[in-house]
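Peer 1: Have a look at this one before I ask anything.
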Amino acid sequence: MHGEGHSDPPLRALPCAPRPQLMEPEGKEGSESGKVAPRLGFIHRSGSRPQLDLTGAAIQGNLEERNPTIVLPNQSDDIPHLAIDIGGSLIKLVYFSRHEDYTTDDNTWRSFKHGSEVLNGQNRLGFLTCQHENSLNEHATIKATGGGAYKFADIFKEKLAVTLEKEDEIDCLVAGANFLLKSVRHEAFTHMNGQKEFVQIDQNDLFPYLLVNIGSGVGMIKVDGDGKFQRVSGTNVGGGTFWGLGSLLTNCKSFDELLELSKKGDNSAVDMLVGDIYGGMDYSKIGLSKTNTASSFGKPTSENKDLSDYRPEDISLSLLRMISYNIGQISHLIALRYGLKRIFFGGFFIRGHAYTMDTISLAVRFWSKGEAKAMFLRHEGFLGALGAFMSYHNHGLEDLMAHQFVEKFPMATPYVGAKIPVPPLGDLNEKISWLEKFELESTKITAPVPLAPPAMTGFSGPERPLSKESILSSDASAALNVGVLHLVPSMEAFPLLADPKMYEPNTVDLSDQGELGYWLNVLSEHLPDLVDKAIASEGGTDDAKRRGVAFSSAFSAHLARLREEPAAYGKLGLANLLELREECLREFHFSDAYWVIKQRENEASLGVLHDLLMELDSMDVETRLLAVVEGVLAANIFDWGARACVDLYRKGTIIEIYRLSHNKMQRPWRVDDFDLFKERLLGSPEKKTTPYKRALLFVDNSGADIVLGMLPLARELLRRGTEVVLVANSLPALNDVTASEIPEIVSKAAKHCDILQKAAESGGLLVDATAKVDDTSGKDLSSVASLWVVENGHGSPCIDFRQISPDLASVAKDADLIILEGMGRALHTNFNARFKCDALKLAMLKNQRLAAQLVNGNIYDCVCRYEPAS
């Protein structure tokens with residue numbers, strides 16, 4: 001059932017590491033608030049999950065992918081859910097599989113042309129197109145939709161031992177579209193003049209809309225809500241028309257061959273233009289340019305030529321323009337008739353093809369006089385199959401929200417279109433072998449090139465879209481732009497955001513190509529040092545070196561792809577770029593590239609902690625608070641992600657750098673709200689204050705940053721009766737400390753401090769109490785609050801508060817102070833974020849460009865930004 005000549009995309013999947021959660025420690029007393037203090041532990045699963053267990057799942061892929069895979073690591077039962085949409089040319093399939101049963105070598109799945117990695121302990125919901133060449137091992141009943149579900153039901157049963165349980169095609173299309181539009185943050189996008197712009201849809205303002213499904217024919221459905229719709233129109237001139245007429249007129253054998261041919265076409269050789277009628281002049285009275293199409297395929301009427309005299313390339317382009325433009329025009333007229341504001345286009349006719357989308361968009365814009373825009377769907381071809389899958393009971397998908405989806409980018413994505421095709425890669429060794437072959441043969445990566453600036457001559461007729469010829473390479477292979485869409489249903493939005501709808505984590509706008517180019521250069525320059533650290537973290541073995549070279553090649557390819565096509569991975573912020581780097585490291589099994597360095601720096605910092613605490617305890621309270629905040633800013637210099645920091649490391653030891661940094665702490669800082677924070681924390685003779693109830697400290701780097709910076713700050717809050725929650729990464733990123741590493745650090749630090757020891761014991765971090773040490777603080781320890789640790793759900797130097805761990809969401813509800821520390825969490829992201837509680841943002845600027853942009857400052861300037869609750 002697969003279109004002849006069509007090449008299906010290989011799927012990719014990255015490991016989804018087990019996510020430790022908080023559990024109540026056995027035998028521990030409650031905190032001062034009367035609640036039992038959680039501690040870092042392991043995942044606890046409920047036995048009352050629905051049939052399909054979505055906990056800890058993830059969606060991996062980029063914003064252009066139309067066949068992502070959903071990994072489900074916690075699924076314990078075999079679920080035979082499989083749904084297909086059998087159209088006139090392709091079978092679109094959504095499936096659930098367990099890795100033990102369905103490997104890339106299993107005959108059960110050999111007929112499906114995917115390349116998913118078989119990951120230990122992981123399960124998937126996959127979206128793919130397929131052929132059915134081999135029989136399934138066991139009889140199965142699966143959901144099916146589309147005309148082929150009826151036409152080929154007997155063949156499936158006889159040849160494949162599969163019974164098709166038929167679902168209504170329109171029901172499935174609408175269900176699939178509604179689910180995606182409500183659940184995926186960047187599912188819909190506009191496309192004009194070769195430029196893609198993603199659109200965030202407000203779930204409360206989604207309906208009504210017109211869904212235009214372009215398959216062999218075209219169906220137009222007015223959607224008023226979940227399960228509320230009616231088919232209002234359609235046309236028999238669709239994808240089948242393009243393929244059928246194209247094969248007759250050009251002898252092309254496949255749909256994609258026609259698309260590729262159109263790339264080289266010139267429709268003016270076949271179409272009659274306005275200028276052909278008016279002697280090369282515009283028809284300015286009614287606003288028509290001489291380049292507007294007056295009649296598709298009209299030119300042969302005035303020429304004495306045979307079909308063989310016309311180039312197939314010109315015919316294919318004219319045919320594509322004619323069909324696409326008319327679909328856009330008819331769709332607008334139907335939307336106008338029913339008063340619909342939004343038109344969403346889906347179906348495999350589009351194929352992610354830029355010229356097709358531009359032509360449809362041009363028609364909608366022209367006939368609506370610029371008031372309406374065509375919108376397209378990333379999963380355009382899988383609406384029916386997804387809707388059929390959702391018809392299973394207890395699939396657990398109905399209530400998913402946009403913040404539960406995470407977009408990631410697999411290794412193969414930037415290599416799409418290469419002369420050496422990316423094969424189905426079943427394991428890491430196959431990935432590396434393919435990369436080595438790719439490098440050896442010096443094959444260039446084929447990727448769309450930057451687009452020319454818009455230069456439309458008018459809006460009065462079917463102009464020639466700019467996504468053409470040398471301006472944009474063919475998108476016939478766009479469906480190969482694949483990855484894995486990770487679904488994380490356990491992720492939640494941060495409850496303390498002042499305005500979640502207006503929240504934007506990224507401070508730097510990478511839609512500016514100059515800005516994007518700068519940060520791509522930064523990542524590229526840092527890459528050799530990162531590779532060295534990654535190899536060293538694995539003991540410098542030959543295997544580690546081989547993986548390091550492969551990682552460098554793959555990540556460099558990502559950067560090259562983004563240079564050539566900035567929108568290739570959707571709407572990116574700096575946080576997304578940094579996350580891309582970390583995901584690429586993990587894909588090549590570098591679980592913690594800076595592990596060795598982090599351990600060395602932790603030990604060096606812990607060695608001087610006792611002297612630091614004694615010095616702090618000798619100060620009066622106001623002097624001590626200033627010294628503690630200065631210590632946080634000074635210690636934040638230790639950031640292996642910053643070139644300035646790397647250069648410093650080559651010139652001195654960690655303690656020497658810390659002392660140098662601390663000695664240069666001179667106020668006023670570039671942003672200096674310390675006095676406001678001090679007044680709120682300590683009060684004044686005129687105004688008494690109460691301690692904060694709970695503070696969330698978002699920590700940054702290992703070593704001096706947490707040991708000599710954030711722990712003393714936490715200690716100061718603890719001794720004032722404030723519960724402190726240290727919030728750290730779930731997964732490693734550069735030299736950032738992780739939640740799983742903090743208990744050991746705190747345990748060692750507690751040997752030097754009774755305050756930390758008592759707080760850690762109360763918070764469950766020290767199950768086996770260490771020996772008591774002499775109290776040098778002169779503080780009555782009976783009022784010391786609890787110290788907890790919680791993971792943030794991220795594995796990046798930045799944090800997106802639209803997606804955080806449920807543990808963090810839970811403890812945040814009672815927090816009245818947030819402290820964001822470090823460039824990634826306080827500057828790159830969240831510098832402009834506002835919260836319902838007080839917020840303190842602390843960081844040392846280690847990038848000159850960012851320093852100038854944010855605060856008109858310089859490198860090594862300090863930011864101490866205090867913001868009362870919004």
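We name chains A, B, ... following the order of the structure tokens; residues begin at 1 in each chain, and ligands are numbered from 1 as shown.
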Would you mind writing down, as number ranges by chain, each residue of range 105-333 of chain A that DSSP on the backbone assigns to strand (DSSP E)?
Peer 2: A: 123-130, 140-145, 162-166, 188-192, 195-199, 209-214, 218-225, 228-235, 272-273, 293-295
Peer 1: Using only C-alpha atoms, determine which residues lie at most 6 Å from Gly148 in chain A, disregarding the query and same-chain residues fewer than 3 positions distant; provide the list as a VMD selection string.
Peer 2: chain A and resid 86 to 87 151 to 152
Peer 1: So that I can check the surroundings of Ser684 in chain A, please list as a list in words every protein, DNA and RNA residue that reaches within 12 Å of it, counting only C-alpha atoms and ignoring chain neighbours fewer than 6 positions away.
Peer 2: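 Near Ser684 in chain A, the qualifying residues are Glu622, Asp675, Leu676, Phe677, Lys678 and Thr690 of chain A.
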Peer 1: I need the residues from that last selection saved to file as a short mmCIF file (atom, residue, chain, number, x, y, z; two decimals), in the first residue's frame (with all heavy atoms), if you can.
Peer 2:
data_model
loop_
_atom_site.label_atom_id
_atom_site.label_comp_id
_atom_site.auth_asym_id
_atom_site.auth_seq_id
_atom_site.Cartn_x
_atom_site.Cartn_y
_atom_site.Cartn_z
N GLU A 622 24.17 41.62 59.51
CA GLU A 622 24.10 42.36 58.25
C GLU A 622 25.36 42.14 57.41
O GLU A 622 25.28 41.95 56.19
CB GLU A 622 23.90 43.85 58.52
CG GLU A 622 22.53 44.19 59.09
CD GLU A 622 22.26 45.68 59.08
OE1 GLU A 622 23.05 46.43 58.43
OE2 GLU A 622 21.25 46.11 59.68
N ASP A 675 20.09 45.81 49.00
CA ASP A 675 19.52 46.49 50.16
C ASP A 675 18.03 46.19 50.31
O ASP A 675 17.52 46.08 51.43
CB ASP A 675 19.75 47.99 50.05
CG ASP A 675 21.23 48.37 50.22
OD1 ASP A 675 21.95 47.59 50.87
OD2 ASP A 675 21.64 49.40 49.70
N LEU A 676 17.33 46.05 49.18
CA LEU A 676 15.91 45.70 49.24
C LEU A 676 15.73 44.30 49.80
O LEU A 676 14.83 44.05 50.62
CB LEU A 676 15.29 45.78 47.84
CG LEU A 676 15.21 47.17 47.20
CD1 LEU A 676 14.68 47.07 45.77
CD2 LEU A 676 14.32 48.09 48.04
N PHE A 677 16.57 43.37 49.34
CA PHE A 677 16.50 42.00 49.84
C PHE A 677 16.84 41.95 51.33
O PHE A 677 16.18 41.26 52.12
CB PHE A 677 17.44 41.11 49.04
CG PHE A 677 17.49 39.68 49.53
CD1 PHE A 677 16.37 38.88 49.47
CD2 PHE A 677 18.67 39.16 50.06
CE1 PHE A 677 16.41 37.55 49.92
CE2 PHE A 677 18.72 37.86 50.52
CZ PHE A 677 17.59 37.05 50.44
N LYS A 678 17.87 42.71 51.73
CA LYS A 678 18.27 42.72 53.14
C LYS A 678 17.15 43.24 54.03
O LYS A 678 16.87 42.69 55.10
CB LYS A 678 19.53 43.59 53.31
CG LYS A 678 20.04 43.64 54.75
CD LYS A 678 21.21 44.59 54.88
CE LYS A 678 20.76 46.04 54.74
NZ LYS A 678 21.88 46.99 55.05
N THR A 690 8.84 39.13 59.05
CA THR A 690 8.74 37.71 59.43
C THR A 690 9.59 36.88 58.48
O THR A 690 9.77 37.24 57.31
CB THR A 690 7.28 37.22 59.35
OG1 THR A 690 6.77 37.45 58.01
CG2 THR A 690 6.41 37.98 60.34
#
Peer 1: Could you check the closest approach to Thr356 in chain A for each of A:Leu160, A:Ile214, A:Ala385, A:Leu181 and tell me which residue wins, using only C-alpha atoms?
Peer 2: A:Ile214
Peer 1: Which of these, A:Gly238, A:Gly215, A:Gly764, A:Gly225, has the shortest distance to Asp171 in chain A once you count only C-alpha atoms?
Peer 2: A:Gly225
Peer 1: Taking the DSSP secondary structure from the backbone, can you list the residues of range 724-759 of chain A that are helix (DSSP H, G or I), as a ChimeraX atom specification?
Peer 2: /A:742-750,754-759
Peer 1: How would the residues just chosen look if you wrote them out with all heavy atoms as a compact mmCIF listing (two decimals), in the first residue's frame?
Peer 2:
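Produced file again20.txt, reproduced below:
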# COMPACT_ATOMS: atom_id res chain seq x y z
N ILE A 742 23.59 16.01 45.24
CA ILE A 742 23.56 16.95 46.37
C ILE A 742 23.59 16.26 47.73
O ILE A 742 24.28 16.75 48.65
CB ILE A 742 22.35 17.90 46.24
CG1 ILE A 742 22.58 18.85 45.07
CG2 ILE A 742 22.14 18.69 47.53
CD1 ILE A 742 21.47 19.85 44.86
N PRO A 743 22.86 15.15 47.95
CA PRO A 743 22.91 14.54 49.29
C PRO A 743 24.32 14.23 49.76
O PRO A 743 24.65 14.45 50.94
CB PRO A 743 22.07 13.26 49.11
CG PRO A 743 21.09 13.62 48.05
CD PRO A 743 21.85 14.48 47.10
N GLU A 744 25.18 13.73 48.88
CA GLU A 744 26.57 13.45 49.28
C GLU A 744 27.31 14.73 49.61
O GLU A 744 28.08 14.78 50.58
CB GLU A 744 27.28 12.69 48.17
CG GLU A 744 28.72 12.34 48.53
CD GLU A 744 29.43 11.58 47.42
OE1 GLU A 744 28.81 11.33 46.37
OE2 GLU A 744 30.62 11.25 47.61
N ILE A 745 27.09 15.77 48.82
CA ILE A 745 27.75 17.05 49.09
C ILE A 745 27.29 17.60 50.43
O ILE A 745 28.10 18.05 51.26
CB ILE A 745 27.44 18.05 47.96
CG1 ILE A 745 28.07 17.59 46.64
CG2 ILE A 745 27.94 19.45 48.32
CD1 ILE A 745 27.69 18.43 45.44
N VAL A 746 25.99 17.56 50.68
CA VAL A 746 25.46 18.06 51.95
C VAL A 746 25.98 17.23 53.11
O VAL A 746 26.31 17.75 54.18
CB VAL A 746 23.92 18.08 51.92
CG1 VAL A 746 23.36 18.39 53.30
CG2 VAL A 746 23.42 19.09 50.90
N SER A 747 26.06 15.92 52.92
CA SER A 747 26.54 15.04 53.98
C SER A 747 27.96 15.41 54.38
O SER A 747 28.29 15.47 55.58
CB SER A 747 26.49 13.59 53.51
OG SER A 747 27.02 12.72 54.48
N LYS A 748 28.81 15.68 53.41
CA LYS A 748 30.19 16.06 53.71
C LYS A 748 30.26 17.47 54.29
O LYS A 748 31.06 17.74 55.19
CB LYS A 748 31.04 15.95 52.45
CG LYS A 748 31.22 14.52 51.97
CD LYS A 748 32.07 14.45 50.71
CE LYS A 748 32.26 13.00 50.26
NZ LYS A 748 33.08 12.90 49.02
N ALA A 749 29.42 18.36 53.78
CA ALA A 749 29.41 19.72 54.31
C ALA A 749 28.90 19.74 55.75
O ALA A 749 29.36 20.56 56.56
CB ALA A 749 28.55 20.61 53.43
N ALA A 750 27.97 18.84 56.08
CA ALA A 750 27.38 18.81 57.42
C ALA A 750 28.40 18.44 58.49
O ALA A 750 28.20 18.74 59.67
CB ALA A 750 26.21 17.81 57.45
N ASP A 754 26.82 22.25 62.34
CA ASP A 754 25.66 21.67 63.00
C ASP A 754 24.36 22.13 62.36
O ASP A 754 23.36 21.41 62.35
CB ASP A 754 25.67 22.06 64.48
CG ASP A 754 26.34 20.99 65.33
OD1 ASP A 754 26.73 19.96 64.76
OD2 ASP A 754 26.46 21.19 66.55
N ILE A 755 24.32 23.37 61.85
CA ILE A 755 23.09 23.88 61.23
C ILE A 755 22.72 23.03 60.02
O ILE A 755 21.58 22.59 59.87
CB ILE A 755 23.26 25.35 60.82
CG1 ILE A 755 23.46 26.22 62.05
CG2 ILE A 755 22.06 25.83 60.02
CD1 ILE A 755 23.74 27.67 61.74
N LEU A 756 23.69 22.80 59.14
CA LEU A 756 23.43 21.98 57.95
C LEU A 756 23.10 20.55 58.35
O LEU A 756 22.24 19.91 57.73
CB LEU A 756 24.65 22.00 57.02
CG LEU A 756 24.92 23.33 56.30
CD1 LEU A 756 26.21 23.22 55.48
CD2 LEU A 756 23.75 23.72 55.40
N GLN A 757 23.76 20.05 59.39
CA GLN A 757 23.52 18.68 59.79
C GLN A 757 22.09 18.49 60.30
O GLN A 757 21.39 17.57 59.89
CB GLN A 757 24.51 18.24 60.86
CG GLN A 757 24.35 16.77 61.25
CD GLN A 757 25.38 16.34 62.27
OE1 GLN A 757 25.77 17.13 63.12
NE2 GLN A 757 25.81 15.10 62.18
N LYS A 758 21.67 19.38 61.19
CA LYS A 758 20.33 19.25 61.74
C LYS A 758 19.26 19.43 60.66
O LYS A 758 18.27 18.70 60.61
CB LYS A 758 20.12 20.27 62.86
CG LYS A 758 18.74 20.18 63.51
CD LYS A 758 18.62 21.10 64.70
CE LYS A 758 17.21 21.05 65.28
NZ LYS A 758 16.85 19.69 65.73
N ALA A 759 19.47 20.43 59.78
CA ALA A 759 18.51 20.68 58.71
C ALA A 759 18.44 19.51 57.74
O ALA A 759 17.36 19.12 57.28
CB ALA A 759 18.89 21.95 57.96
Peer 1: To one decimal place in Å, what is the distance between CA of Asp205 in chain A and CA of Asn832 in chain A?
Peer 2: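 So the two atoms, CA of Asp205 in chain A and CA of Asn832 in chain A, lie 26.7 Å apart.
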Peer 1: Of the candidates A:Asn267, A:Thr291, A:Asn204, A:Ser216, which one gets nearest to Phe255 in chain A if we count only C-alpha atoms?
Peer 2: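 Nearest candidate to Phe255 in chain A out of A:Asn267, A:Thr291, A:Asn204, A:Ser216: A:Ser216.
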Peer 1: If you count only C-alpha atoms, which residues fall within 12 Å of Gln230 in chain A, apart from same-chain ones fewer than 3 positions away, as a count of residues only?
Peer 2: 20
Peer 1: Using only C-alpha atoms, which protein or nucleic acid residues come within 12 Å of Glu303 in chain A? Drop anything in the same chain fewer than 3 positions from it, and give the result as a ChimeraX atom specification.
Peer 2: /A:269-272,297-300,306-307,309-310
